[in-house]
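A.B. asks: Quick one: structure below, then a few questions.
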Amino acid sequence: MKWMIDVDRLNKNFFLHTQGEAKIPVFRDFHMKLKPGESIALVGPSGVGKSTLLRLLYGNYKTGSGKILVHHNGDVLNMAGADPHMILHIRKWTIGYVSQFLRVIPRVPAIQVVMEPLTVRGASEKEVRPRAEELLSRLRIPERLWSLSPTTFSGGEQQRINIARGFSATYPVMLLDEPTASLDPVNSGTVVEIIKEAIGMGTSIIGIFHDEDVRNRLASRCVEIQPVNNHTK
Amino acid sequence: MCMKNSDDIPLLKVESISKYYGRRIGCLGIEFELWPGEALGIVGESGSGKTTLLNCISGQLEPSEGAVWYSSNGGVIDMCNAPEPQRRLVMRTEMGTVYQNPRDGLRMHVSAGGNIGERLMANGLRHYGQVRRRALNWLEKVEIDQERIDDTPDTFSGGMQQRLQIARNLVTRPRLIFMDEPTSGLDVSVQARLLDLLRGLVTELDLSMVIVTHDLAVTRLLAHRLIVMRGGKAVESGLTDQVLDDPQHPYTQLLVSSILQP
């Protein structure tokens, strides 16, 4: 396998139909490859489309044209245009994603939020609980909070629950959107360790790391996203 | 734990369903597939054809055109043309419907226990003690005080009635459940509770679900996939988070941008 993800001639525009039919081009003929074991940091000014790229790779945003090829379950599939059922399958097994914010589900305890990526793969809670507890402890979430819904947690606590959730299962590819933003240096250090462990276990990474030190410790190379000129046809 | 093959067959295959009311269009050319364990949300404003579509695919309304294929435990059947007894059997044992108005789905003058037990008995369970035990167990699952087992639903609050309707449907462990605006008549605090309950049950029982709602937040919480309807047609469909985070059609953009965020 020469690559895990191959982005080929990707184009993406946002059309805002409710706001005067504004057109916002984000990618034009963009390409990149993620090789096995690689850890790519996306760099570029704010608003250039780094998070958008991660969301396109995860199937959260719809690709305009071009291909996003992914090795999944022995096949090569195109995330752009794959049917939703297939995208869900790819997300379950092949591509993990840690967003900037935890989407909180009311009433679901933190520990279950963390275990979910494993339980949806069919594992029992009993089997996966030790892994979830290990991550929560390492990320310094006090045990008394584990059985509570993260709805009322602080921003930093929610972000750590998000990290624990993202890394409870292992994926061939992980997309990380500023995993250490809003964390203190100690917790940030732990997150870097957890990411390094995943890389050590064979996960390839595409991430956005604003903290230069974090980026230097994690990235094997950088890919710069160039702004698309709004005035070209 | 292993990666299951994803090309097992869909539970429900809806092929180009249309329903006309005279010259008026109810819904037009709707197609989708629903896979085991998947929840599909159908959203749109009132009059967009959501309920017509739901009724066509749940066997309650005969579509004017199109086909609905359901892979039952006993093989794939054509829901629009199967013999009535076979269709009834499948609907009673493998499907369930939760109505917007609990009065449409419950027997208001039969006890809560009786409401839950009815489908069990219709499916052959005869032992009264067992029926009652299952009913008690389900009251607990849907967070209704077990002491209310002998009370009739007309003495229940709206939220309790809706939870009882869910228990009545799920007690026989159906594979597919249809819901028409299950939360719309409820107070917001009760809504959240019902949604969380549903979410847990769907995962626990590995249910497939088609849920009609005008509330996008409900779909974000419950549905894997969405169909956005307008004027009887599907204007957009896709993964729930994709449709809500990157809506393509002007109407979907309008819907998403109109959500009030507290």
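Letters A, B, ... mark the chains of the structure tokens in the order given; residue numbers begin at 1 per chain; ligand numbers begin at 1, in order shown.
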Within 10 Å of segment 215-220 of chain B, counting only C-alpha atoms, which residues show up once you throw out same-chain ones fewer than 6 positions away? Write them as an MDAnalysis selection string, please.

C.D. replies: chainID B and resid 39:45 181:184 191:192 195 226 240:241 243:244 255:256 259

A.B. asks: Give me, as an NGL selection string, the contact residues of chain A against chain B at a cut-off of 8 Å, counting only C-alpha atoms.

C.D. replies: :A and (15-18 or 59-62 or 73 or 83-86 or 89 or 93 or 105-108 or 121-123)

A.B. asks: Nearest residue to Val14 of chain B out of B:Val68, B:Leu164, B:Leu194, B:Val235, using only C-alpha atoms?

C.D. replies: B:Val68

A.B. asks: For Pro130 of chain A, please output as a list of chain:residue names all residues within 12 Å (counting only C-alpha atoms; exclusion window: fewer than 2 positions along the same chain).

C.D. replies: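 Residues meeting the cut-off are A:Ile111, A:Gln112, A:Val114, A:Met115, A:Leu118, A:Ser124, A:Glu125, A:Lys126, A:Glu127, A:Val128, A:Ala132, A:Glu133, A:Glu134, A:Leu135, A:Leu136, A:Ser137, A:Ser168.
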
A.B. asks: So that I have them on file, write out the residues from the current selection with all heavy atoms, as a short mmCIF file (atom, residue, chain, number, x, y, z; two decimals), in the first residue's frame.

C.D. replies:
data_model
loop_
_atom_site.label_atom_id
_atom_site.label_comp_id
_atom_site.auth_asym_id
_atom_site.auth_seq_id
_atom_site.Cartn_x
_atom_site.Cartn_y
_atom_site.Cartn_z
N ILE A 111 -18.33 8.20 30.46
CA ILE A 111 -17.64 6.93 30.16
C ILE A 111 -18.26 6.24 28.95
O ILE A 111 -17.57 5.65 28.13
CB ILE A 111 -17.63 5.99 31.41
CG1 ILE A 111 -16.86 4.70 31.13
CG2 ILE A 111 -19.02 5.63 31.87
CD1 ILE A 111 -15.54 4.63 31.80
N GLN A 112 -19.59 6.39 28.79
CA GLN A 112 -20.23 5.78 27.63
C GLN A 112 -19.92 6.51 26.34
O GLN A 112 -19.78 5.89 25.29
CB GLN A 112 -21.74 5.71 27.83
CG GLN A 112 -22.10 4.39 28.49
CD GLN A 112 -23.57 4.24 28.76
OE1 GLN A 112 -24.34 5.19 28.61
NE2 GLN A 112 -23.95 3.07 29.18
N VAL A 114 -17.16 7.84 25.75
CA VAL A 114 -15.80 7.39 25.40
C VAL A 114 -15.82 5.97 24.83
O VAL A 114 -15.09 5.65 23.88
CB VAL A 114 -14.87 7.48 26.63
CG1 VAL A 114 -13.49 6.90 26.32
CG2 VAL A 114 -14.75 8.94 27.08
N MET A 115 -16.69 5.12 25.37
CA MET A 115 -16.71 3.71 24.92
C MET A 115 -17.40 3.52 23.57
O MET A 115 -17.20 2.50 22.91
CB MET A 115 -17.42 2.84 25.97
CG MET A 115 -16.65 2.66 27.26
SD MET A 115 -17.41 1.42 28.34
CE MET A 115 -18.95 2.21 28.82
N LEU A 118 -16.09 1.96 20.32
CA LEU A 118 -15.80 0.53 20.43
C LEU A 118 -17.08 -0.30 20.49
O LEU A 118 -17.17 -1.35 19.87
CB LEU A 118 -14.95 0.26 21.67
CG LEU A 118 -13.50 0.74 21.56
CD1 LEU A 118 -12.85 0.85 22.93
CD2 LEU A 118 -12.70 -0.19 20.67
N SER A 124 -18.57 -5.55 23.84
CA SER A 124 -19.42 -5.33 25.01
C SER A 124 -18.78 -4.24 25.88
O SER A 124 -17.58 -4.02 25.84
CB SER A 124 -19.55 -6.62 25.83
OG SER A 124 -18.32 -6.89 26.49
N GLU A 125 -19.64 -3.58 26.67
CA GLU A 125 -19.11 -2.52 27.55
C GLU A 125 -18.06 -3.07 28.49
O GLU A 125 -17.09 -2.39 28.83
CB GLU A 125 -20.26 -1.88 28.33
CG GLU A 125 -21.14 -1.01 27.44
CD GLU A 125 -22.03 -0.05 28.22
OE1 GLU A 125 -21.97 -0.07 29.47
OE2 GLU A 125 -22.77 0.71 27.57
N LYS A 126 -18.26 -4.31 28.93
CA LYS A 126 -17.34 -4.91 29.88
C LYS A 126 -15.94 -5.04 29.27
O LYS A 126 -14.93 -4.76 29.93
CB LYS A 126 -17.87 -6.29 30.29
CG LYS A 126 -17.29 -6.81 31.56
CD LYS A 126 -18.08 -8.03 32.04
CE LYS A 126 -17.16 -8.91 32.85
NZ LYS A 126 -17.02 -10.26 32.31
N GLU A 127 -15.90 -5.44 28.01
CA GLU A 127 -14.61 -5.60 27.33
C GLU A 127 -13.86 -4.28 27.19
O GLU A 127 -12.64 -4.24 27.28
CB GLU A 127 -14.82 -6.11 25.89
CG GLU A 127 -15.15 -7.56 25.72
CD GLU A 127 -15.49 -7.82 24.24
OE1 GLU A 127 -14.56 -8.06 23.46
OE2 GLU A 127 -16.68 -7.74 23.87
N VAL A 128 -14.62 -3.21 26.92
CA VAL A 128 -13.93 -1.97 26.51
C VAL A 128 -13.80 -0.96 27.64
O VAL A 128 -13.08 0.03 27.51
CB VAL A 128 -14.66 -1.32 25.30
CG1 VAL A 128 -14.71 -2.30 24.14
CG2 VAL A 128 -16.05 -0.85 25.65
N ALA A 132 -11.41 2.65 28.25
CA ALA A 132 -12.01 3.97 28.46
C ALA A 132 -11.54 4.56 29.79
O ALA A 132 -11.17 5.74 29.87
CB ALA A 132 -13.53 3.84 28.44
N GLU A 133 -11.48 3.72 30.83
CA GLU A 133 -11.06 4.20 32.14
C GLU A 133 -9.60 4.64 32.12
O GLU A 133 -9.24 5.65 32.72
CB GLU A 133 -11.27 3.10 33.20
CG GLU A 133 -12.74 2.85 33.47
CD GLU A 133 -12.98 1.81 34.56
OE1 GLU A 133 -12.00 1.14 34.98
OE2 GLU A 133 -14.14 1.66 34.98
N GLU A 134 -8.79 3.87 31.39
CA GLU A 134 -7.37 4.22 31.29
C GLU A 134 -7.21 5.61 30.68
O GLU A 134 -6.48 6.46 31.19
CB GLU A 134 -6.66 3.16 30.42
CG GLU A 134 -5.17 3.41 30.24
CD GLU A 134 -4.66 2.94 28.88
OE1 GLU A 134 -5.07 1.85 28.42
OE2 GLU A 134 -3.86 3.68 28.27
N LEU A 135 -7.94 5.86 29.58
CA LEU A 135 -7.81 7.15 28.90
C LEU A 135 -8.32 8.29 29.79
O LEU A 135 -7.69 9.34 29.89
CB LEU A 135 -8.58 7.13 27.58
CG LEU A 135 -7.91 6.34 26.45
CD1 LEU A 135 -8.89 6.07 25.33
CD2 LEU A 135 -6.69 7.09 25.92
N LEU A 136 -9.46 8.07 30.44
CA LEU A 136 -10.01 9.12 31.30
C LEU A 136 -9.06 9.44 32.45
O LEU A 136 -8.86 10.60 32.80
CB LEU A 136 -11.40 8.71 31.83
CG LEU A 136 -12.53 8.70 30.80
CD1 LEU A 136 -13.79 8.07 31.37
CD2 LEU A 136 -12.82 10.12 30.31
N SER A 137 -8.46 8.40 33.01
CA SER A 137 -7.51 8.64 34.11
C SER A 137 -6.29 9.40 33.61
O SER A 137 -5.85 10.37 34.23
CB SER A 137 -7.00 7.32 34.72
OG SER A 137 -8.06 6.50 35.07
N SER A 168 -10.20 5.88 21.84
CA SER A 168 -10.54 4.61 22.51
C SER A 168 -10.42 3.46 21.51
O SER A 168 -9.89 2.41 21.83
CB SER A 168 -11.94 4.68 23.12
OG SER A 168 -12.93 4.88 22.14
#

A.B. asks: Identify all residues of segment 97-192 of chain B in strand (DSSP E or B) (DSSP on the backbone) and supply them as a list in words.

C.D. replies: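 Here are the strand (DSSP E or B) residues of segment 97-192 of chain B: Thr97, Val98, Leu176, Ile177, Phe178, Met179 and Asp180 of chain B.
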
A.B. asks: Just N, CA and C atoms for this one: save the residues we selected as an mmCIF file, in the first residue's frame.

C.D. replies:
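Once everything was written out, this is again_7.cif:
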data_model
loop_
_atom_site.group_PDB
_atom_site.id
_atom_site.type_symbol
_atom_site.label_atom_id
_atom_site.label_comp_id
_atom_site.auth_asym_id
_atom_site.auth_seq_id
_atom_site.Cartn_x
_atom_site.Cartn_y
_atom_site.Cartn_z
ATOM 1 N N THR B 97 -45.192 1.053 14.896
ATOM 2 C CA THR B 97 -45.409 2.446 14.526
ATOM 3 C C THR B 97 -45.718 3.271 15.771
ATOM 4 N N VAL B 98 -44.990 4.361 15.931
ATOM 5 C CA VAL B 98 -45.266 5.296 17.025
ATOM 6 C C VAL B 98 -45.876 6.548 16.402
ATOM 7 N N LEU B 176 -37.971 -3.065 12.773
ATOM 8 C CA LEU B 176 -38.111 -1.781 12.093
ATOM 9 C C LEU B 176 -39.230 -0.987 12.753
ATOM 10 N N ILE B 177 -38.951 0.269 13.065
ATOM 11 C CA ILE B 177 -39.978 1.066 13.707
ATOM 12 C C ILE B 177 -40.149 2.387 12.955
ATOM 13 N N PHE B 178 -41.419 2.772 12.789
ATOM 14 C CA PHE B 178 -41.759 4.017 12.109
ATOM 15 C C PHE B 178 -42.246 5.018 13.150
ATOM 16 N N MET B 179 -41.780 6.239 13.073
ATOM 17 C CA MET B 179 -42.224 7.245 14.033
ATOM 18 C C MET B 179 -42.627 8.515 13.318
ATOM 19 N N ASP B 180 -43.803 9.008 13.669
ATOM 20 C CA ASP B 180 -44.301 10.231 13.064
ATOM 21 C C ASP B 180 -44.311 11.325 14.121
#

A.B. asks: One decimal, Å: what's the distance from atom CA of Pro36 of chain A over to atom CA of Ser51 of chain A, could you say?

C.D. replies: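 Value for the atom CA of Pro36 of chain A-atom CA of Ser51 of chain A distance: 21.4 Å.
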
A.B. asks: Which residue, A:Asp213, A:Asp6, A:Asp29, A:Glu21, has the smallest gap to Ser188 of chain A when you use only C-alpha atoms?

C.D. replies: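 Closest to Ser188 of chain A of all the choices is A:Asp213.
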
A.B. asks: Which residue, A:Met79, A:Ala41, A:Leu10, A:Val48, has the smallest gap to Val228 of chain A when you use only C-alpha atoms?

C.D. replies: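 Of the candidates, the smallest distance to Val228 of chain A is held by A:Val48.
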
A.B. asks: Using only C-alpha atoms, which protein or nucleic acid residues come within 7 Å of Gly207 of chain A? Drop anything in the same chain fewer than 2 positions from it, and give the result as a VMD selection string.

C.D. replies: chain A and resid 40 to 42 175 to 177 205 209

A.B. asks: Using only C-alpha atoms, can you tell me which of B:Arg175, B:Ser58, B:His109, B:Leu198 comes closest to Lys141 of chain B?

C.D. replies: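 Of B:Arg175, B:Ser58, B:His109, B:Leu198, the one nearest Lys141 of chain B, counting only C-alpha atoms, is B:Leu198.
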
A.B. asks: In Å to one decimal, how far is atom CA of Glu38 of chain A from atom CA of Arg9 of chain A?

C.D. replies: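 Computing the Euclidean distance for atom CA of Arg9 of chain A and atom CA of Glu38 of chain A yields 21.0 Å.
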
A.B. asks: With only C-alpha atoms as the basis for distance, which of A:Ser99, A:Thr190, A:Gln158, A:Thr94 is at the shortest distance from Arg138 of chain A?

C.D. replies: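 Checking each candidate against Arg138 of chain A, we get A:Thr190 as the closest.
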
A.B. asks: Phe156 of chain B: which residues within 10 Å, counting only C-alpha atoms, same-chain residues fewer than 6 positions away excluded, as a list in words?

C.D. replies: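 Once the nearby chain positions are removed, what remains is Met108, Ala112, Ile144, Arg148, Gln162 and Leu164 of chain B.
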
A.B. asks: Excluding Cys80 of chain B and its own-chain neighbours fewer than 5 positions away, which residues fall within 12 Å of it when counting only C-alpha atoms? Please give them as a list of chain:residue names.

C.D. replies: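 That gives B:Val14, B:Glu15, B:Ile17, B:Asn55, B:Cys56, B:Ile57, B:Ser58, B:Gly59, B:Gln60, B:Leu61, B:Glu62, B:Pro63, B:Ser64, B:Glu65, B:Gly66, B:Ala67, B:Val68, B:Trp69, B:Tyr70, B:Gln86, B:Arg87, B:Arg88.
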
A.B. asks: Can you pull out the residues contacting Glu143 of chain B? Cut-off 9 Å, using only C-alpha atoms, and skip same-chain residues under 4 positions away; I want them as an mmCIF file with N, CA and C atoms, in the first residue's frame.

C.D. replies:
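For reference, around03.cif as written:
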data_model
loop_
_atom_site.group_PDB
_atom_site.id
_atom_site.type_symbol
_atom_site.label_atom_id
_atom_site.label_comp_id
_atom_site.auth_asym_id
_atom_site.auth_seq_id
_atom_site.Cartn_x
_atom_site.Cartn_y
_atom_site.Cartn_z
ATOM 1 N N TRP B 138 -40.834 -3.458 30.877
ATOM 2 C CA TRP B 138 -40.837 -2.394 29.865
ATOM 3 C C TRP B 138 -41.244 -1.047 30.432
ATOM 4 N N LEU B 139 -42.125 -1.065 31.436
ATOM 5 C CA LEU B 139 -42.458 0.206 32.086
ATOM 6 C C LEU B 139 -41.186 0.806 32.663
ATOM 7 N N MET B 160 -45.626 10.628 29.227
ATOM 8 C CA MET B 160 -45.765 9.231 29.661
ATOM 9 C C MET B 160 -46.500 8.410 28.603
ATOM 10 N N ARG B 163 -44.158 7.546 25.924
ATOM 11 C CA ARG B 163 -43.223 6.489 26.330
ATOM 12 C C ARG B 163 -43.931 5.128 26.376
ATOM 13 N N LEU B 197 -33.948 8.352 25.598
ATOM 14 C CA LEU B 197 -34.464 7.010 25.820
ATOM 15 C C LEU B 197 -34.476 6.240 24.503
#
